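Chemist: My structure file query.cif, mmCIF, N, CA and C atoms, is below:
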data_work
#
loop_
_atom_site.label_atom_id
_atom_site.label_comp_id
_atom_site.auth_asym_id
_atom_site.auth_seq_id
_atom_site.Cartn_x
_atom_site.Cartn_y
_atom_site.Cartn_z
N VAL A 171 110.08 117.63 103.89
CA VAL A 171 108.70 118.03 104.01
C VAL A 171 108.51 118.58 105.43
N SER A 172 108.05 119.80 105.52
CA SER A 172 107.72 120.34 106.84
C SER A 172 106.21 120.43 106.93
N PHE A 173 105.70 120.51 108.11
CA PHE A 173 104.26 120.49 108.33
C PHE A 173 103.70 121.87 108.59
N LYS A 174 102.61 122.19 107.91
CA LYS A 174 101.93 123.46 108.17
C LYS A 174 101.26 123.41 109.54
N THR A 175 100.70 122.25 109.86
CA THR A 175 100.13 122.02 111.18
C THR A 175 101.15 121.22 111.98
N PRO A 176 101.74 121.79 113.01
CA PRO A 176 102.81 121.09 113.72
C PRO A 176 102.30 119.92 114.55
N ILE A 177 103.19 118.97 114.73
CA ILE A 177 102.94 117.86 115.65
C ILE A 177 103.67 118.23 116.94
N ASP A 178 102.93 118.49 117.98
CA ASP A 178 103.53 118.93 119.24
C ASP A 178 103.49 117.81 120.27
N PHE A 179 104.48 117.84 121.16
CA PHE A 179 104.59 116.87 122.23
C PHE A 179 104.41 117.57 123.57
N ALA A 180 103.92 116.80 124.56
CA ALA A 180 103.77 117.34 125.92
C ALA A 180 105.15 117.76 126.43
N GLN A 181 105.17 118.87 127.17
CA GLN A 181 106.43 119.37 127.72
C GLN A 181 107.03 118.36 128.68
N VAL A 182 108.35 118.34 128.67
CA VAL A 182 109.09 117.43 129.54
C VAL A 182 110.00 118.26 130.43
N LYS A 183 110.03 117.89 131.70
CA LYS A 183 110.95 118.53 132.64
C LYS A 183 112.10 117.58 132.89
N ALA A 184 113.28 118.15 133.09
CA ALA A 184 114.46 117.33 133.34
C ALA A 184 114.22 116.43 134.54
N ALA A 185 114.58 115.18 134.39
CA ALA A 185 114.41 114.19 135.45
C ALA A 185 115.49 113.13 135.28
N SER A 186 115.52 112.20 136.19
CA SER A 186 116.52 111.14 136.09
C SER A 186 116.14 110.13 135.01
N GLU A 187 114.83 109.97 134.76
CA GLU A 187 114.37 109.05 133.72
C GLU A 187 113.56 109.81 132.69
N CYS A 188 113.69 109.40 131.46
CA CYS A 188 112.97 110.04 130.36
C CYS A 188 111.53 109.52 130.35
N PRO A 189 110.55 110.41 130.44
CA PRO A 189 109.16 109.96 130.40
C PRO A 189 108.76 109.57 128.98
N PRO A 190 107.74 108.71 128.86
CA PRO A 190 107.29 108.34 127.51
C PRO A 190 106.70 109.57 126.80
N PRO A 191 106.97 109.71 125.51
CA PRO A 191 106.45 110.88 124.78
C PRO A 191 104.95 110.80 124.59
N LYS A 192 104.32 111.97 124.58
CA LYS A 192 102.87 112.06 124.36
C LYS A 192 102.61 113.24 123.45
N PHE A 193 101.69 113.05 122.48
CA PHE A 193 101.26 114.17 121.65
C PHE A 193 100.39 115.09 122.49
N THR A 194 100.52 116.41 122.33
CA THR A 194 99.65 117.32 123.07
C THR A 194 98.23 117.23 122.54
N ASP A 195 98.07 116.95 121.26
CA ASP A 195 96.74 116.78 120.66
C ASP A 195 96.78 115.52 119.80
N PRO A 196 96.47 114.35 120.40
CA PRO A 196 96.56 113.10 119.68
C PRO A 196 95.67 113.04 118.43
N VAL A 197 94.51 113.65 118.46
CA VAL A 197 93.61 113.63 117.31
C VAL A 197 94.23 114.41 116.15
N LEU A 198 94.79 115.58 116.45
CA LEU A 198 95.44 116.39 115.42
C LEU A 198 96.67 115.66 114.87
N ALA A 199 97.49 115.10 115.75
CA ALA A 199 98.68 114.36 115.32
C ALA A 199 98.29 113.20 114.41
N ASP A 200 97.23 112.49 114.77
CA ASP A 200 96.75 111.37 113.96
C ASP A 200 96.34 111.86 112.56
N SER A 201 95.66 112.98 112.50
CA SER A 201 95.23 113.54 111.22
C SER A 201 96.43 113.91 110.35
N VAL A 202 97.42 114.57 110.93
CA VAL A 202 98.61 114.98 110.19
C VAL A 202 99.37 113.74 109.72
N LEU A 203 99.50 112.74 110.58
CA LEU A 203 100.25 111.54 110.22
C LEU A 203 99.52 110.70 109.18
N LYS A 204 98.20 110.79 109.12
CA LYS A 204 97.46 110.12 108.03
C LYS A 204 97.78 110.79 106.69
N ASP A 205 97.98 112.10 106.72
CA ASP A 205 98.42 112.81 105.50
C ASP A 205 99.82 112.34 105.09
N VAL A 206 100.70 112.15 106.07
CA VAL A 206 102.03 111.65 105.79
C VAL A 206 101.95 110.25 105.18
N LEU A 207 101.06 109.43 105.70
CA LEU A 207 100.85 108.09 105.15
C LEU A 207 100.49 108.16 103.67
N GLU A 208 99.59 109.08 103.32
CA GLU A 208 99.21 109.25 101.91
C GLU A 208 100.41 109.68 101.07
N LEU A 209 101.22 110.55 101.60
CA LEU A 209 102.42 111.00 100.90
C LEU A 209 103.37 109.83 100.66
N LEU A 210 103.54 108.99 101.66
CA LEU A 210 104.45 107.85 101.55
C LEU A 210 103.93 106.80 100.58
N GLU A 211 102.63 106.80 100.33
CA GLU A 211 102.07 105.88 99.33
C GLU A 211 102.42 106.32 97.92
N VAL A 212 102.73 107.61 97.74
CA VAL A 212 103.09 108.15 96.42
C VAL A 212 104.56 107.90 96.12
N PHE A 213 105.43 108.08 97.12
CA PHE A 213 106.88 107.97 96.92
C PHE A 213 107.39 106.66 97.49
N GLU A 214 108.33 106.06 96.77
CA GLU A 214 108.92 104.80 97.20
C GLU A 214 110.17 105.06 98.03
N GLY A 215 110.66 104.01 98.63
CA GLY A 215 111.92 104.07 99.35
C GLY A 215 111.78 104.45 100.81
N VAL A 216 112.91 104.40 101.46
CA VAL A 216 112.98 104.74 102.88
C VAL A 216 112.96 106.25 103.03
N VAL A 217 112.25 106.73 104.02
CA VAL A 217 112.22 108.16 104.32
C VAL A 217 112.85 108.38 105.69
N ARG A 218 113.36 109.58 105.85
CA ARG A 218 113.98 109.94 107.13
C ARG A 218 113.03 110.86 107.89
N LEU A 219 112.73 110.49 109.10
CA LEU A 219 111.89 111.28 110.00
C LEU A 219 112.82 111.92 111.02
N GLU A 220 112.75 113.24 111.14
CA GLU A 220 113.56 113.94 112.14
C GLU A 220 112.63 114.69 113.10
N VAL A 221 112.84 114.46 114.38
CA VAL A 221 112.15 115.24 115.40
C VAL A 221 113.21 116.11 116.05
N HIS A 222 113.05 117.41 115.90
CA HIS A 222 113.96 118.38 116.49
C HIS A 222 113.32 118.94 117.76
N THR A 223 114.11 119.13 118.79
CA THR A 223 113.61 119.71 120.03
C THR A 223 114.49 120.89 120.43
N LYS A 224 113.85 121.87 121.01
CA LYS A 224 114.56 123.06 121.47
C LYS A 224 115.30 122.73 122.76
N ALA A 225 116.46 123.33 122.91
CA ALA A 225 117.23 123.12 124.14
C ALA A 225 116.42 123.60 125.34
N ALA A 226 116.44 122.83 126.40
CA ALA A 226 115.71 123.20 127.61
C ALA A 226 116.69 123.30 128.77
N LYS A 227 116.24 123.94 129.83
CA LYS A 227 117.11 124.12 130.99
C LYS A 227 117.09 122.87 131.85
N GLY A 228 118.21 122.63 132.46
CA GLY A 228 118.34 121.47 133.33
C GLY A 228 118.55 120.21 132.52
N GLY A 229 118.88 119.15 133.20
CA GLY A 229 119.09 117.87 132.53
C GLY A 229 120.40 117.86 131.77
N THR A 230 120.83 116.69 131.44
CA THR A 230 122.08 116.52 130.70
C THR A 230 121.77 116.49 129.21
N PRO A 231 122.76 116.76 128.38
CA PRO A 231 122.54 116.62 126.93
C PRO A 231 122.05 115.21 126.57
N ALA A 232 122.57 114.20 127.25
CA ALA A 232 122.15 112.82 126.99
C ALA A 232 120.66 112.64 127.29
N PHE A 233 120.17 113.27 128.35
CA PHE A 233 118.75 113.19 128.69
C PHE A 233 117.90 113.78 127.57
N TRP A 234 118.28 114.97 127.06
CA TRP A 234 117.49 115.63 126.02
C TRP A 234 117.60 114.90 124.69
N ASP A 235 118.76 114.25 124.45
CA ASP A 235 118.88 113.39 123.26
C ASP A 235 117.90 112.23 123.35
N GLU A 236 117.77 111.67 124.53
CA GLU A 236 116.85 110.55 124.75
C GLU A 236 115.39 111.00 124.56
N VAL A 237 115.07 112.21 125.02
CA VAL A 237 113.72 112.76 124.84
C VAL A 237 113.42 112.90 123.35
N ALA A 238 114.35 113.51 122.61
CA ALA A 238 114.15 113.74 121.18
C ALA A 238 114.01 112.41 120.43
N GLN A 239 114.87 111.45 120.75
CA GLN A 239 114.79 110.15 120.07
C GLN A 239 113.50 109.43 120.43
N GLY A 240 113.06 109.56 121.68
CA GLY A 240 111.79 108.95 122.09
C GLY A 240 110.62 109.52 121.30
N CYS A 241 110.64 110.83 121.06
CA CYS A 241 109.58 111.46 120.26
C CYS A 241 109.63 110.97 118.82
N ALA A 242 110.83 110.84 118.26
CA ALA A 242 110.98 110.35 116.89
C ALA A 242 110.47 108.92 116.78
N ASP A 243 110.82 108.08 117.74
CA ASP A 243 110.34 106.70 117.73
C ASP A 243 108.83 106.64 117.88
N HIS A 244 108.27 107.54 118.69
CA HIS A 244 106.82 107.60 118.90
C HIS A 244 106.09 107.92 117.59
N VAL A 245 106.62 108.88 116.83
CA VAL A 245 106.01 109.22 115.54
C VAL A 245 106.13 108.05 114.57
N ARG A 246 107.33 107.44 114.51
CA ARG A 246 107.52 106.29 113.62
C ARG A 246 106.56 105.15 113.98
N ASN A 247 106.44 104.86 115.26
CA ASN A 247 105.53 103.79 115.71
C ASN A 247 104.09 104.10 115.33
N HIS A 248 103.71 105.37 115.43
CA HIS A 248 102.35 105.78 115.06
C HIS A 248 102.14 105.59 113.56
N LEU A 249 103.12 105.96 112.77
CA LEU A 249 103.03 105.76 111.31
C LEU A 249 102.90 104.27 110.98
N GLU A 250 103.67 103.44 111.66
CA GLU A 250 103.59 102.00 111.43
C GLU A 250 102.23 101.46 111.84
N ALA A 251 101.65 101.98 112.92
CA ALA A 251 100.32 101.56 113.35
C ALA A 251 99.26 101.96 112.31
N LEU A 252 99.53 103.04 111.57
CA LEU A 252 98.61 103.48 110.52
C LEU A 252 98.77 102.68 109.23
N GLY A 253 99.85 101.90 109.13
CA GLY A 253 100.02 101.06 107.95
C GLY A 253 101.32 101.21 107.19
N VAL A 254 102.22 102.09 107.64
CA VAL A 254 103.51 102.22 106.99
C VAL A 254 104.32 100.96 107.34
N PRO A 255 104.89 100.29 106.32
CA PRO A 255 105.65 99.07 106.60
C PRO A 255 106.84 99.34 107.54
N PRO A 256 107.08 98.42 108.49
CA PRO A 256 108.25 98.57 109.38
C PRO A 256 109.53 98.65 108.54
N GLY A 257 110.44 99.51 108.95
CA GLY A 257 111.69 99.68 108.23
C GLY A 257 111.63 100.75 107.15
N ARG A 258 110.45 101.23 106.85
CA ARG A 258 110.31 102.25 105.80
C ARG A 258 110.70 103.64 106.30
N VAL A 259 110.58 103.86 107.61
CA VAL A 259 110.87 105.17 108.20
C VAL A 259 112.07 105.05 109.14
N GLU A 260 113.11 105.83 108.85
CA GLU A 260 114.26 105.93 109.76
C GLU A 260 114.00 107.13 110.66
N ALA A 261 113.89 106.88 111.96
CA ALA A 261 113.56 107.95 112.90
C ALA A 261 114.80 108.42 113.63
N ARG A 262 114.95 109.74 113.68
CA ARG A 262 116.10 110.32 114.37
C ARG A 262 115.65 111.53 115.20
N GLY A 263 116.04 111.55 116.44
CA GLY A 263 115.76 112.67 117.32
C GLY A 263 116.99 113.55 117.44
N LEU A 264 116.79 114.87 117.32
CA LEU A 264 117.90 115.82 117.37
C LEU A 264 117.57 116.90 118.39
N ALA A 265 118.29 116.89 119.49
CA ALA A 265 118.01 117.83 120.57
C ALA A 265 118.93 119.04 120.50
N GLY A 266 118.37 120.21 120.76
CA GLY A 266 119.16 121.44 120.86
C GLY A 266 119.98 121.73 119.62
N ASN A 267 121.25 122.05 119.85
CA ASN A 267 122.14 122.43 118.74
C ASN A 267 122.56 121.26 117.87
N ALA A 268 122.25 120.04 118.25
CA ALA A 268 122.51 118.90 117.38
C ALA A 268 121.57 118.93 116.18
N GLY A 269 120.48 119.70 116.32
CA GLY A 269 119.51 119.85 115.24
C GLY A 269 119.24 121.32 114.98
N LEU A 270 117.98 121.65 114.85
CA LEU A 270 117.58 123.02 114.52
C LEU A 270 117.33 123.89 115.75
N ASN A 271 117.45 123.31 116.94
CA ASN A 271 117.17 124.01 118.20
C ASN A 271 115.77 124.64 118.16
N ALA A 272 114.83 123.88 117.63
CA ALA A 272 113.42 124.30 117.55
C ALA A 272 112.58 123.03 117.63
N ASN A 273 111.36 123.17 118.10
CA ASN A 273 110.46 122.02 118.17
C ASN A 273 109.75 121.85 116.83
N CYS A 274 110.14 120.79 116.11
CA CYS A 274 109.50 120.53 114.82
C CYS A 274 109.74 119.09 114.39
N VAL A 275 108.89 118.65 113.45
CA VAL A 275 109.00 117.32 112.87
C VAL A 275 109.19 117.50 111.38
N LEU A 276 110.18 116.83 110.81
CA LEU A 276 110.45 116.90 109.38
C LEU A 276 110.47 115.49 108.79
N ILE A 277 109.98 115.38 107.57
CA ILE A 277 110.09 114.14 106.81
C ILE A 277 111.01 114.46 105.63
N LYS A 278 112.05 113.67 105.44
CA LYS A 278 112.98 113.90 104.34
C LYS A 278 112.89 112.74 103.36
N LEU A 279 112.53 113.08 102.12
CA LEU A 279 112.45 112.09 101.06
C LEU A 279 113.81 111.98 100.38
N ASP A 280 114.07 110.85 99.77
CA ASP A 280 115.31 110.63 99.04
C ASP A 280 115.37 111.59 97.85
N LYS A 281 116.43 112.39 97.77
CA LYS A 281 116.56 113.39 96.71
C LYS A 281 116.59 112.75 95.32
N SER A 282 117.00 111.50 95.23
CA SER A 282 117.08 110.86 93.92
C SER A 282 115.69 110.63 93.31
N LEU A 283 114.65 110.80 94.10
CA LEU A 283 113.29 110.67 93.57
C LEU A 283 112.91 111.81 92.64
N PHE A 284 113.65 112.92 92.74
CA PHE A 284 113.31 114.11 91.99
C PHE A 284 114.41 114.41 90.97
N ALA A 285 114.01 114.53 89.72
CA ALA A 285 114.97 114.86 88.66
C ALA A 285 115.36 116.32 88.77
N ASP A 286 116.58 116.62 88.40
CA ASP A 286 117.01 118.01 88.36
C ASP A 286 116.20 118.74 87.31
N GLU A 287 115.82 119.99 87.60
CA GLU A 287 115.02 120.78 86.66
C GLU A 287 115.86 121.32 85.52
N ALA A 288 117.12 121.64 85.77
CA ALA A 288 117.99 122.18 84.73
C ALA A 288 119.31 121.43 84.76
N PRO A 289 119.91 121.18 83.59
CA PRO A 289 121.22 120.52 83.59
C PRO A 289 122.24 121.37 84.33
N ALA A 290 123.26 120.72 84.86
CA ALA A 290 124.31 121.43 85.59
C ALA A 290 124.93 122.51 84.71
N GLY A 291 125.18 123.67 85.29
CA GLY A 291 125.81 124.76 84.56
C GLY A 291 124.84 125.65 83.83
N LYS A 292 123.56 125.30 83.80
CA LYS A 292 122.59 126.13 83.08
C LYS A 292 121.61 126.78 84.03
N ALA A 293 121.78 126.58 85.32
CA ALA A 293 120.87 127.19 86.28
C ALA A 293 121.02 128.71 86.22
N GLY A 294 119.91 129.40 86.32
CA GLY A 294 119.93 130.86 86.38
C GLY A 294 120.00 131.52 85.02
N LYS A 295 119.88 130.77 83.92
CA LYS A 295 119.96 131.38 82.60
C LYS A 295 118.59 131.58 81.98
N GLY A 296 117.54 131.48 82.77
CA GLY A 296 116.19 131.68 82.25
C GLY A 296 115.85 133.16 82.19
N THR A 297 114.58 133.48 82.01
CA THR A 297 114.13 134.86 81.97
C THR A 297 114.28 135.47 83.36
N PRO A 298 114.92 136.64 83.47
CA PRO A 298 115.08 137.27 84.79
C PRO A 298 113.72 137.62 85.39
N ARG A 299 113.67 137.65 86.70
CA ARG A 299 112.43 138.03 87.38
C ARG A 299 112.01 139.42 86.94
N GLY A 300 110.73 139.54 86.69
CA GLY A 300 110.20 140.85 86.33
C GLY A 300 110.31 141.15 84.86
N ALA A 301 111.01 140.31 84.09
CA ALA A 301 111.15 140.55 82.66
C ALA A 301 110.26 139.59 81.90
N ALA A 302 109.56 140.09 80.95
CA ALA A 302 108.73 139.23 80.09
C ALA A 302 109.60 138.71 78.97
N ALA A 303 109.12 137.66 78.31
CA ALA A 303 109.85 137.14 77.16
C ALA A 303 110.04 138.28 76.16
N GLY A 304 111.17 138.38 75.54
CA GLY A 304 111.44 139.49 74.63
C GLY A 304 112.24 140.59 75.31
N GLY A 305 112.52 140.46 76.62
CA GLY A 305 113.38 141.40 77.31
C GLY A 305 112.68 142.64 77.89
N ARG A 306 111.37 142.75 77.74
CA ARG A 306 110.69 143.93 78.30
C ARG A 306 110.26 143.66 79.73
N LYS A 307 110.34 144.67 80.57
CA LYS A 307 109.86 144.55 81.96
C LYS A 307 108.35 144.54 81.96
N ARG A 308 107.80 143.77 82.86
CA ARG A 308 106.34 143.73 83.01
C ARG A 308 105.88 144.88 83.84
#
Show the structure stored in the file as structure tokens.
Modeler:
Amino acid sequence: VSFKTPIDFAQVKAASECPPPKFTDPVLADSVLKDVLELLEVFEGVVRLEVHTKAAKGGTPAFWDEVAQGCADHVRNHLEALGVPPGRVEARGLAGNAGLNANCVLIKLDKSLFADEAPAGKAGKGTPRGAAAGGRKR
């Protein structure tokens, strides 16, 4: 699940210590995370939360990994404060090329929650795009 309204974090500059993560717009982040809470009430099981961060100049890879993980933990903690049971969200921070090399938050649901739409080997055998039933083009 990706978000139409992004959850953004305050910019971080390379330093010797990783600063605590902060949402750039806490009210907006709270609103988006309340929507996530509603989604999690529909689906069972553990979900994976990924916070991806774009590579930045300066600092060591370990520093940026710590920043990304801190942001992921911050989102998970916020979800738990909203009522998500502890242990329900696995939070992972992915900095730079270890992830998508972009600033974004993703929620990944267990694929087993969704049944396959077509049996194996039959995918792509439906009506071709642009063709109506009976073989005529629309």
Chemist: Quick one: everything within 6.5 Å of region 248-261 of chain A, counting only N, CA and C atoms, minus sequence neighbours fewer than 2 positions away in the same chain. Send it as a PyMOL selection string.
Modeler: chain A and resi 203+215-221+242-246+263
Chemist: Quick check, in Å to one decimal: how far apart do CA of Phe233 (chain A) and CA of Cys188 (chain A) lie?
Modeler: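 So the answer is 6.8 Å.
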Chemist: Mind giving me the straight-line distance from atom N of Leu283 (chain A) to atom N of Phe213 (chain A) in Å, one decimal?
Modeler: 10.1 Å
Chemist: Among chain A, which residues does DSSP mark as strand (DSSP E or B) when it is run on the backbone? Keep the chain and numbering as in the structure and answer as an NGL selection string.
Modeler: :A and (172 or 179 or 193 or 217-223 or 259-265 or 274-278 or 301 or 307)
Chemist: Between A:Asp205, A:Glu214, A:Asp200, A:Asp280, which is the closest to Asn247 (chain A) once you count only C-alpha atoms?
Modeler: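 The answer is A:Asp200, which sits nearest to Asn247 (chain A).
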Chemist: Choose the residue, out of A:Pro196, A:Pro191, A:Pro176, A:Gly269, that has the smallest atom-to-atom separation from His222 (chain A); count all atoms listed in the file.
Modeler: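 Smallest separation from His222 (chain A) among the options: A:Gly269.
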Chemist: Here is a test: counting only C-alpha atoms, which residue of A:Asn271, A:Gly240, A:Val202, A:Lys227 is nearest to Ser172 (chain A)?
Modeler: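 Checking each candidate against Ser172 (chain A), we get A:Val202 as the closest.
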Chemist: For a test of reading the model, state the distance in Å between CA of Pro189 (chain A) and CA of Glu236 (chain A), rounded to one decimal.
Modeler: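 Between these atoms lies a distance of 9.6 Å.
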Chemist: Quick one: residues within 7 Å of Lys183 (chain A), only N, CA and C atoms counted, chain neighbours fewer than 2 positions away excluded, as an MDAnalysis selection string?
Modeler: chainID A and resid 181 185 228:229
Chemist: Which is closer to Asp235 (chain A) than all the others in A:Thr223, A:Ala265, A:Val197, A:Val206, using all atoms listed in the file?
Modeler: A:Ala265
Chemist: Any chance you could work out the residue set of the PyMOL selection byres ((chain A and resi 192) around 6) here, as a PDB file with N, CA and C atoms, in the frame of the given file?
Modeler:
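Final output, saved to part07.pdb:
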ATOM      1  N   ASP A 178     102.930 118.490 117.980  1.00  0.00           N
ATOM      2  CA  ASP A 178     103.530 118.930 119.240  1.00  0.00           C
ATOM      3  C   ASP A 178     103.490 117.810 120.270  1.00  0.00           C
ATOM      4  N   PHE A 179     104.480 117.840 121.160  1.00  0.00           N
ATOM      5  CA  PHE A 179     104.590 116.870 122.230  1.00  0.00           C
ATOM      6  C   PHE A 179     104.410 117.570 123.570  1.00  0.00           C
ATOM      7  N   ALA A 180     103.920 116.800 124.560  1.00  0.00           N
ATOM      8  CA  ALA A 180     103.770 117.340 125.920  1.00  0.00           C
ATOM      9  C   ALA A 180     105.150 117.760 126.430  1.00  0.00           C
ATOM     10  N   PRO A 190     107.740 108.710 128.860  1.00  0.00           N
ATOM     11  CA  PRO A 190     107.290 108.340 127.510  1.00  0.00           C
ATOM     12  C   PRO A 190     106.700 109.570 126.800  1.00  0.00           C
ATOM     13  N   PRO A 191     106.970 109.710 125.510  1.00  0.00           N
ATOM     14  CA  PRO A 191     106.450 110.880 124.780  1.00  0.00           C
ATOM     15  C   PRO A 191     104.950 110.800 124.590  1.00  0.00           C
ATOM     16  N   PHE A 193     101.690 113.050 122.480  1.00  0.00           N
ATOM     17  CA  PHE A 193     101.260 114.170 121.650  1.00  0.00           C
ATOM     18  C   PHE A 193     100.390 115.090 122.490  1.00  0.00           C
ATOM     19  N   THR A 194     100.520 116.410 122.330  1.00  0.00           N
ATOM     20  CA  THR A 194      99.650 117.320 123.070  1.00  0.00           C
ATOM     21  C   THR A 194      98.230 117.230 122.540  1.00  0.00           C
TER      22      THR A 194
END
Chemist: Could you tell me, as number ranges by chain, which residues of chain A DSSP assigns to helix (DSSP H, G or I) when given the backbone?
Modeler: A: 196-212, 231-252, 266-268, 281-283
Chemist: For the point (112.0, 123.4, 123.6) in the file's frame, write as number ranges by chain all residues with an atom no more than 7 Å away, counting only N, CA and C atoms.
Modeler: A: 223-226, 271-273
Chemist: From (114.5, 116.6, 127.8), in the file's coordinates, out to 6 Å: which residues are reached, counting only C-alpha atoms? Answer as a list in words.
Modeler: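 Residues lying no farther than 6 Å from the given point: Val182, Ala184, Phe233, Trp234 and Val237 of chain A.
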